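This is target18.json (JSON, C-alpha atoms).
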```
[["chain", "number", "residue", "atom", "x", "y", "z"],
["A", 580, "MET", "CA", 0.00, 0.00, 0.00],
["A", 581, "ASP", "CA", 1.59, 3.27, -1.05],
["A", 582, "TYR", "CA", 1.24, 6.69, 0.57],
["A", 583, "ASN", "CA", -1.77, 7.92, -1.46],
["A", 584, "GLU", "CA", -3.76, 4.74, -0.85],
["A", 585, "ARG", "CA", -3.14, 4.95, 2.90],
["A", 586, "ARG", "CA", -4.11, 8.61, 2.88],
["A", 587, "ASN", "CA", -7.36, 7.94, 1.01],
["A", 588, "ASP", "CA", -8.12, 5.00, 3.27],
["A", 589, "ARG", "CA", -7.54, 7.16, 6.36],
["A", 590, "ARG", "CA", -9.70, 9.93, 4.92],
["A", 591, "ASP", "CA", -12.57, 7.49, 4.29],
["A", 592, "ARG", "CA", -12.31, 6.09, 7.81],
["A", 593, "ASP", "CA", -12.28, 9.55, 9.37],
["A", 594, "ARG", "CA", -15.59, 10.48, 7.81],
["A", 595, "GLY", "CA", -17.02, 7.24, 9.10],
["A", 596, "ASP", "CA", -20.71, 7.11, 9.87],
["A", 597, "ARG", "CA", -20.84, 10.37, 11.81],
["A", 598, "GLY", "CA", -22.50, 11.97, 8.82],
["A", 599, "ASP", "CA", -21.71, 15.49, 10.00],
["A", 600, "ARG", "CA", -20.60, 16.77, 6.61],
["A", 601, "GLY", "CA", -23.68, 15.48, 4.83],
["A", 602, "ASP", "CA", -26.00, 16.90, 7.50],
["A", 603, "ARG", "CA", -24.44, 20.35, 7.24],
["A", 604, "ARG", "CA", -24.90, 20.41, 3.48],
["A", 605, "ASN", "CA", -28.55, 19.46, 3.79],
["A", 606, "MET", "CA", -29.15, 22.14, 6.41],
["A", 607, "GLY", "CA", -27.59, 24.70, 4.09],
["A", 608, "GLU", "CA", -30.04, 23.84, 1.36],
["A", 609, "GLN", "CA", -32.96, 24.18, 3.77],
["A", 610, "GLY", "CA", -31.53, 27.49, 4.98],
["A", 611, "ASP", "CA", -31.44, 28.80, 1.40],
["A", 612, "ALA", "CA", -35.09, 27.93, 0.90],
["A", 613, "ALA", "CA", -36.05, 29.61, 4.17],
["A", 614, "ARG", "CA", -34.01, 32.66, 3.28],
["A", 615, "LYS", "CA", -35.86, 33.08, -0.02],
["A", 616, "LEU", "CA", -39.20, 33.27, 1.79],
["A", 617, "THR", "CA", -38.25, 36.37, 3.77],
["A", 618, "ALA", "CA", -39.11, 39.88, 2.60],
["A", 619, "PRO", "CA", -36.61, 41.42, 0.15],
["A", 620, "GLN", "CA", -34.20, 43.94, 1.57],
["A", 621, "GLN", "CA", -34.75, 47.61, 0.89],
["A", 622, "THR", "CA", -32.54, 48.82, -1.90],
["A", 623, "GLN", "CA", -32.83, 52.56, -1.26],
["A", 624, "CYS", "CA", -32.50, 54.66, 1.85],
["A", 625, "ARG", "CA", -35.48, 56.53, 3.30],
["A", 626, "PHE", "CA", -34.44, 59.83, 1.73],
["A", 627, "CYS", "CA", -33.83, 58.39, -1.73],
["A", 628, "ARG", "CA", -37.24, 56.69, -1.63],
["A", 629, "ARG", "CA", -38.90, 60.04, -0.91],
["A", 630, "GLN", "CA", -36.64, 61.66, -3.52],
["A", 631, "GLU", "CA", -35.54, 64.37, -1.10],
["A", 632, "ASP", "CA", -32.65, 66.53, -2.23],
["A", 633, "TYR", "CA", -32.24, 68.22, 1.14],
["A", 634, "VAL", "CA", -32.38, 66.85, 4.69],
["A", 635, "ASP", "CA", -34.05, 69.55, 6.75],
["A", 636, "TYR", "CA", -32.33, 70.30, 10.06],
["A", 637, "LYS", "CA", -35.66, 71.52, 11.48],
["A", 638, "ASP", "CA", -37.27, 68.09, 10.98],
["A", 639, "ILE", "CA", -36.41, 66.88, 14.48],
["A", 640, "GLU", "CA", -38.61, 63.75, 14.40],
["A", 641, "THR", "CA", -36.74, 62.32, 11.42],
["A", 642, "LEU", "CA", -33.34, 63.28, 12.76],
["A", 643, "GLN", "CA", -34.02, 61.74, 16.18],
["A", 644, "LYS", "CA", -34.65, 58.39, 14.51],
["A", 645, "LEU", "CA", -31.06, 58.55, 13.27],
["A", 646, "LEU", "CA", -29.59, 59.19, 16.74],
["A", 647, "THR", "CA", -28.98, 56.89, 19.70],
["A", 648, "HIS", "CA", -30.45, 57.74, 23.08],
["A", 649, "ARG", "CA", -27.01, 59.13, 23.93],
["A", 650, "GLY", "CA", -27.09, 61.51, 20.96],
["A", 651, "LYS", "CA", -24.66, 59.64, 18.71],
["A", 652, "ILE", "CA", -25.34, 59.38, 14.99],
["A", 653, "TYR", "CA", -26.18, 55.85, 13.81],
["A", 654, "SER", "CA", -23.85, 54.35, 11.23],
["A", 655, "ARG", "CA", -24.87, 53.90, 7.60],
["A", 656, "LYS", "CA", -25.29, 50.19, 8.14],
["A", 657, "ARG", "CA", -27.57, 50.70, 11.13],
["A", 658, "SER", "CA", -29.60, 53.59, 9.72],
["A", 659, "GLY", "CA", -29.86, 52.19, 6.18],
["A", 660, "ASN", "CA", -28.81, 55.43, 4.51],
["A", 661, "CYS", "CA", -26.76, 55.62, 1.35],
["A", 662, "ALA", "CA", -23.41, 57.43, 1.51],
["A", 663, "GLY", "CA", -24.66, 60.72, 0.05],
["A", 664, "CYS", "CA", -27.73, 60.88, 2.29],
["A", 665, "GLN", "CA", -25.67, 59.93, 5.35],
["A", 666, "ARG", "CA", -23.48, 62.98, 4.70],
["A", 667, "LYS", "CA", -26.59, 65.15, 4.36],
["A", 668, "VAL", "CA", -27.96, 63.72, 7.60],
["A", 669, "LYS", "CA", -24.66, 64.37, 9.36],
["A", 670, "ARG", "CA", -24.70, 67.98, 8.21],
["A", 671, "ALA", "CA", -28.35, 68.43, 9.24],
["A", 672, "ILE", "CA", -27.77, 66.92, 12.70],
["A", 673, "LYS", "CA", -24.77, 69.17, 13.29],
["A", 674, "ARG", "CA", -26.80, 72.22, 12.24],
["A", 675, "ALA", "CA", -29.66, 71.19, 14.52],
["A", 676, "ARG", "CA", -27.24, 70.74, 17.42],
["A", 677, "PHE", "CA", -25.77, 74.18, 16.79],
["A", 678, "MET", "CA", -29.27, 75.70, 16.77],
["A", 679, "ALA", "CA", -30.04, 73.86, 20.06],
["A", 680, "LEU", "CA", -32.75, 71.72, 18.46],
["A", 681, "LEU", "CA", -30.88, 68.49, 19.26],
["A", 682, "PRO", "CA", -28.57, 67.75, 22.19],
["A", 683, "PHE", "CA", -24.86, 67.25, 21.70],
["A", 684, "THR", "CA", -24.94, 64.54, 24.38],
["A", 685, "ALA", "CA", -27.69, 63.03, 26.48]]
```

Target format C-alpha cells, applied to this file:
Amino acid sequence: MDYNERRNDRRDRDRGDRGDRGDRRNMGEQGDAARKLTAPQQTQCRFCRRQEDYVDYKDIETLQKLLTHRGKIYSRKRSGNCAGCQRKVKRAIKRARFMALLPFTA
C-alpha cells in the first residue's frame, strides 16, 4: 500500500458514519429555501425613496430616529442610509445641534 492509498483510506475512515458533513450540506439547502421566503431587503434609503434633495435640520422627528439615546449618529449600516444621504444627515444633525434643536450629548 503506497502513501496515497493509505491517505485515502484514512480519509474514508475519518468520515465514518458520523454523517456530519452530509448533514451540514442538507441544512444549508434548507436554509437557502427559508431565506428566499423572507421579505426582500430595501434597496434605497429613506431619503432616496422620498426623492428628497435636502435633509431639513428643522425636521427633528426624522433626525431623532437617526440618533442613539445618547445623541450619537447611527452608522450607515444601522440607519440604512446611502453614503450621500448619510453625509446630508450628518450635516443636518450638526446644524440642529448648533441651533439647540438636538442635544450634543444626552

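You will find atom CA of A:Tyr636 at 6.3 Å from atom CA of A:Ile672.
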
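Comparing the minimum interatomic distances between A:Ala662 and each of A:Asp638, A:Gln623, A:Gln630, A:Phe683, counting only C-alpha atoms, we find that A:Gln623 sits nearest.
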
>> Set the distance at 12 Å and use only C-alpha atoms: which residues neighbour A:Arg676 once local chain neighbours fewer than 5 positions away are removed? I'd like the list as a PyMOL selection string.
In response: chain A and resi 636-637+639+642-643+646+650-652+669-671+681-685

> By how many Å are atom CA of A:Met678 and atom CA of A:Thr641 apart?
Replying inline: 16.2 Å

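Protein and nucleic acid residues near (-32.8, 63.5, 3.0) are Cys624, Arg625, Phe626, Cys627, Arg628, Arg629, Gln630, Glu631, Asp632, Tyr633, Val634, Asp635, Tyr636, Thr641, Leu642, Asn660, Gly663, Cys664, Gln665, Arg666, Lys667, Val668 and Ala671 of chain A, the criterion being any atom at most 10 Å away using all atoms listed in the file.
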
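Atom CA of A:Glu640 is found 14.7 Å from atom CA of A:Arg674.
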